[in-house]
Amino acid sequence: MYIDPPYNTGARDWKYNNRYVDSNDTWSHSKWLGFMEKRLWLAKRLLKPDGVLIVTIDEHEVHHLGMLLEKVFKEYLRYTITAVINPKGTYKLNFGRVDEQVFFVVPDVGRDVIVPRPRNAKDGNADQLGLGLLRKMVGQGLITRSMLDDGLFDPSELDLIEASFEDDTLSDDDELEMDNSDDTPPEYEDWFLRRRGQESSYRHQRPNQFFAIYIDPVRKMVEGIGPLLGKDEPYQKISKSNYLSVYPIDNDGHERVWRYSRETMQRYIDAGEIVVGSFNKKAKSWTLNHRKLKKEFLRNKTVWWEKRHDAGVHGTNVVNNLLGKRGLFPFPKSVYAVQDALATVVRNRPNALILDFFAGSGTTFHATCLLNAADDGKRRSVLVTNNEVEEKLVKRLISQGIYRGEPEFEAQGIFSLVTRPRCEAVVTGKRPDGKPVPGRHIDGRPLARGFEENIEFFRVDYLDPDDVDLGTQFQAIFPSLWLAAGGLGERPKSPAEAEMLVPPEGCFAILLQEEKFRAFSKAIHDRNDITHVWIVTDSEDAFAEMRAALPGRLITSMLYRDYLRNFRINTRRNL
């Protein structure tokens with residue numbers, strides 16, 4: 001479940017009790033919390049046992065939302081991601097904000113629910129920050145030592161970062177000490193063999209890890225290791241043309257230690273995993289590395305800083321291209337930011353169902369299409385939105401005698417102007433004016449190519465339960481039955497008058513006249529593709545008897561009893 005609710009910035013972009021809320025409202029935070037709380041309780045009911053709720057927010061309500069999530073989802077694990085979405089920064093007082101927060105509400109099921117990202121995937125965080133950028137960030141204080149302890153970086157990145165801490169005035173010659181060797185195979189990575197952090201990296205702290213390693217600098221081969229020295233015993237370097245001793249001495253001449261003890265080091269040497277790297281001119285010594293296979297998957301981090309998450313380039317510009325007009329929707333998310341957020345949960349769930357009840361411009365649907373295109377998945381998304389018309393435009397329409405509910409009024413709503421045409425353009429590759437959508441996705445896929453997804457649009461309205469119970473609203477509820485069965489394939493047409501409905505390519509069947517049960521049972525007997533069955537009957541005994549006669553693999557429900565129970569609202573349980 002992914003939602004991007006109103007941020008309560010004071011911009012009068014959401015309502016409470018049919019009134020816009022702005023920064024002049026002294027109860028704006030309380031109203032926002034009331035607005036969100038009921039929705040979160042309902043969202044919790046809809047989550048599967050292993051389902052995850054993802055909520056984006058900014059500084060205006062991040063702390064209030066955190067406390068609300070703690071209240072509603074107290075038995076869940078909660079994580080806060082910082083995502084950079086506007087690298088240029090906002091032009092406001094004191095600070096230029098570049099980020100927003102993403103809450104992940106994860107069920108505590110005793111195992112990982114968040115999926116590690118593939119190392120080489122383009123749909124996740126960057127594998128490694130560049131060395132030059134690392135130096136710059138360390139120098140500006142953007143990376144601190146406490147971040148290393150908090151686990152924000154992979155082990156393969158720690159060496160580079162710690163090296164930047166050691167000497168923030170590194171020269172080009174020293175860069176060789178921190179880069180992988182040119183001959184490092186692409187499936188491997190070279191970890192610096194000398195420990196580089198301030199904690200437990202000095203000889204007096206780990207005397208058992210201070211000894212010589214002998215190398216042949218000509219052949220760049222490790223020949224063996226020297227004896228263990230006493231705690232205060234001086235070391236002596238051996239330097240011959242084809243035989244050198246290398247000690248874990250840093251650029252400033254401090255006695256550090258190797259990563260491993262002599263016994264462990266010898267095992268790695270025998271396995272051919274300890275390799276000679278580049279020559280460090282400043283230390284006048286050779287860099288030694290531990291060559292390891294790269295991890296296939298890496299754990300997601302809590303800071304996301306990706307070019308693909310830029311909301312201007314990959315949000316606003318994408319929406320403009322799809323709609324063929326500018327300015328129809330303010331601040332849409334980068335489609336790749338949403339894709340990456342969803343991928344942390346559904347990358348290994350090709351049949352996942354994704355719900356977004358703050359649909360906005362329809363980015364969640366677009367992101368779902370990208371996920372499916374990447375791995376031939378069959379993920380589905382359900383988006384819910386109102387058709388709110390911008391406040392100033394409402395006043396102008398009313399002044400012209402055009403009122404809510406009239407076609408001219410509804411045509412100016414967010415669903416009519418943005419959500420629906422954007423989703424249609426994503427699938428068809430054509431803008432509302434019929435022209436091909438210009439531009440490409442970052443993987444090179446043309447926007448004009450579209451996607452293979454099917455998409456349906458429905459208006460959600462209230463029905464009189466008595467009319468439903470009498471069977472006079474079957475045409476209205478029929479689409480929800482198709483959705484409940486998975487919404488797979490093209491939606492069949494609802495029969496005006498029929499004894500049963502068994503679509504030839506659908507995954508559901510409906511018995512409308514119970515006296516035709518024998519023929520109905522025969523019609524679906526060999527249909528292994530059918531998963532859901534609805535039986536229209538007023539008798540619970542008759543329903544139980546017919547359900548027992550059907551294959552046990554079917555999900556069988558009684559109409560209209562089960563429908564009315566499922567869609568009952570405004571009960572004490574729901575409030």
# chains A, B, ... in the order shown; residues from 1 in each chain; ligands from 1
call {"tool": "closest_atom_pairs", "arguments": {"of": "range 318-372 of chain A", "to": "range 32-47 of chain A", "cutoff": "12 Å", "atoms": "only C-alpha atoms", "output": "tab-separated table"}}
result
residue	atom	partner	partner_atom	distance
A:Ala352	CA	A:Leu47	CA	11.9
A:Leu353	CA	A:Leu47	CA	10.2
A:Ile354	CA	A:Leu47	CA	10.0
A:Leu355	CA	A:Leu46	CA	9.2
A:Asp356	CA	A:Ala43	CA	9.9
A:Phe357	CA	A:Arg39	CA	9.1
A:Phe358	CA	A:Arg39	CA	10.5
call {"tool": "residues_around", "arguments": {"residues": "Leu77 in chain A", "least_positions_apart": "6", "cutoff": "7 Å", "atoms": "only C-alpha atoms", "output": "ChimeraX atom specification"}}
result
/A:105-108
call {"tool": "write_last_selection", "arguments": {"atoms": "C-alpha atoms", "output": "PDB file, in the first residue's frame"}}
result
ATOM      1  CA  VAL A 105       5.297   0.398   8.196  1.00  0.00           C
ATOM      2  CA  VAL A 106       6.413  -3.224   8.134  1.00  0.00           C
ATOM      3  CA  PRO A 107       4.784  -6.228   9.856  1.00  0.00           C
ATOM      4  CA  ASP A 108       6.960  -7.845  12.515  1.00  0.00           C
TER       5      ASP A 108
END
call {"tool": "residues_around", "arguments": {"residues": "Glu424 in chain A", "least_positions_apart": "5", "cutoff": "8 Å", "atoms": "only C-alpha atoms", "output": "PyMOL selection string"}}
result
chain A and resi 429-430+455
call {"tool": "residues_around", "arguments": {"residues": "Gln101 in chain A", "least_positions_apart": "6", "cutoff": "7 Å", "atoms": "only C-alpha atoms", "output": "number ranges by chain"}}
result
A: 56-58, 80-83
call {"tool": "atom_distance", "arguments": {"atom1": "CA of Glu263 in chain A", "atom2": "CA of Lys240 in chain A"}}
result
25.6 Å
call {"tool": "residues_around", "arguments": {"residues": "range 509-525 of chain A", "least_positions_apart": "5", "cutoff": "6 Å", "atoms": "only C-alpha atoms", "output": "list of chain:residue names"}}
result
A:Glu499, A:Met500, A:Leu501, A:Val502, A:Val533, A:Trp534, A:Ile535, A:Val536
call {"tool": "closest_residue", "arguments": {"among": "A:Val319, A:Val418, A:Val394, A:Ala485", "to": "Asp529 in chain A", "atoms": "only C-alpha atoms"}}
result
A:Ala485
call {"tool": "residues_around", "arguments": {"residues": "Ala411 in chain A", "least_positions_apart": "5", "cutoff": "9 Å", "atoms": "only C-alpha atoms", "output": "number ranges by chain"}}
result
A: 387, 389, 406, 416-417
call {"tool": "write_last_selection", "arguments": {"atoms": "C-alpha atoms", "output": "compact mmCIF listing (two decimals), in the first residue's frame"}}
result
# COMPACT_ATOMS: atom_id res chain seq x y z
CA ASN A 387 -12.51 14.64 -8.63
CA VAL A 389 -11.74 21.06 -8.65
CA GLU A 406 -22.75 19.03 -14.02
CA SER A 416 -10.93 14.13 -15.38
CA LEU A 417 -8.02 16.45 -16.18
call {"tool": "closest_residue", "arguments": {"among": "A:Asp461, A:Glu273, A:Asp538, A:Glu452", "to": "Leu293 in chain A", "atoms": "only C-alpha atoms"}}
result
A:Glu273
call {"tool": "select_by_dssp", "arguments": {"residues": "range 183-319 of chain A", "states": "helix (DSSP H, G or I)", "output": "list in words"}}
result
Pro207, Asn208, Gln209, Arg262, Glu263, Thr264, Met265, Gln266, Arg267, Tyr268, Ile269, Asp270, Lys307, Arg308, His309, Ala311, Gly312, Val313, His314, Gly315, Thr316, Asn317, Val318 and Val319 of chain A
call {"tool": "closest_residue", "arguments": {"among": "A:Ala337, A:Leu488, A:Ile530, A:Met67", "to": "Thr363 in chain A", "atoms": "only C-alpha atoms"}}
result
A:Ala337
call {"tool": "select_by_dssp", "arguments": {"residues": "range 241-473 of chain A", "states": "strand (DSSP E)", "output": "compact mmCIF listing (two decimals) with C-alpha atoms, in the first residue's frame"}}
result
# COMPACT_ATOMS: atom_id res chain seq x y z
CA TYR A 243 60.76 -9.32 -2.20
CA LEU A 244 59.17 -6.68 0.06
CA SER A 245 57.57 -6.63 3.47
CA VAL A 246 54.38 -4.60 3.83
CA ILE A 274 44.74 -11.51 -0.86
CA VAL A 275 46.01 -9.47 -3.81
CA VAL A 276 48.49 -6.68 -4.42
CA GLY A 277 46.87 -3.44 -5.44
CA SER A 278 48.45 -0.15 -6.44
CA PHE A 279 51.55 1.64 -5.17
CA ASN A 280 50.88 4.50 -2.76
CA SER A 285 54.26 1.21 0.07
CA TRP A 286 51.91 -1.12 -1.74
CA THR A 287 48.20 -1.38 -1.11
CA LEU A 288 46.99 -4.86 -0.23
CA ASN A 289 43.39 -5.91 -0.81
CA HIS A 290 41.04 -8.73 0.01
CA ARG A 291 39.37 -9.71 -3.24
CA LYS A 292 35.81 -10.97 -2.72
CA LEU A 293 32.89 -11.86 -4.90
CA PHE A 297 21.98 -8.33 -3.26
CA LEU A 298 22.48 -5.37 -0.95
CA VAL A 303 19.03 7.65 2.82
CA TRP A 304 18.08 7.71 -0.87
CA LEU A 353 -1.82 -6.01 -5.42
CA ILE A 354 -0.91 -2.36 -4.74
CA LEU A 355 -3.42 0.13 -3.32
CA ASP A 356 -3.07 3.92 -3.44
CA ARG A 380 -2.05 -4.96 -10.14
CA SER A 381 -2.73 -1.53 -8.71
CA VAL A 382 -5.97 0.03 -7.48
CA LEU A 383 -5.97 3.82 -7.36
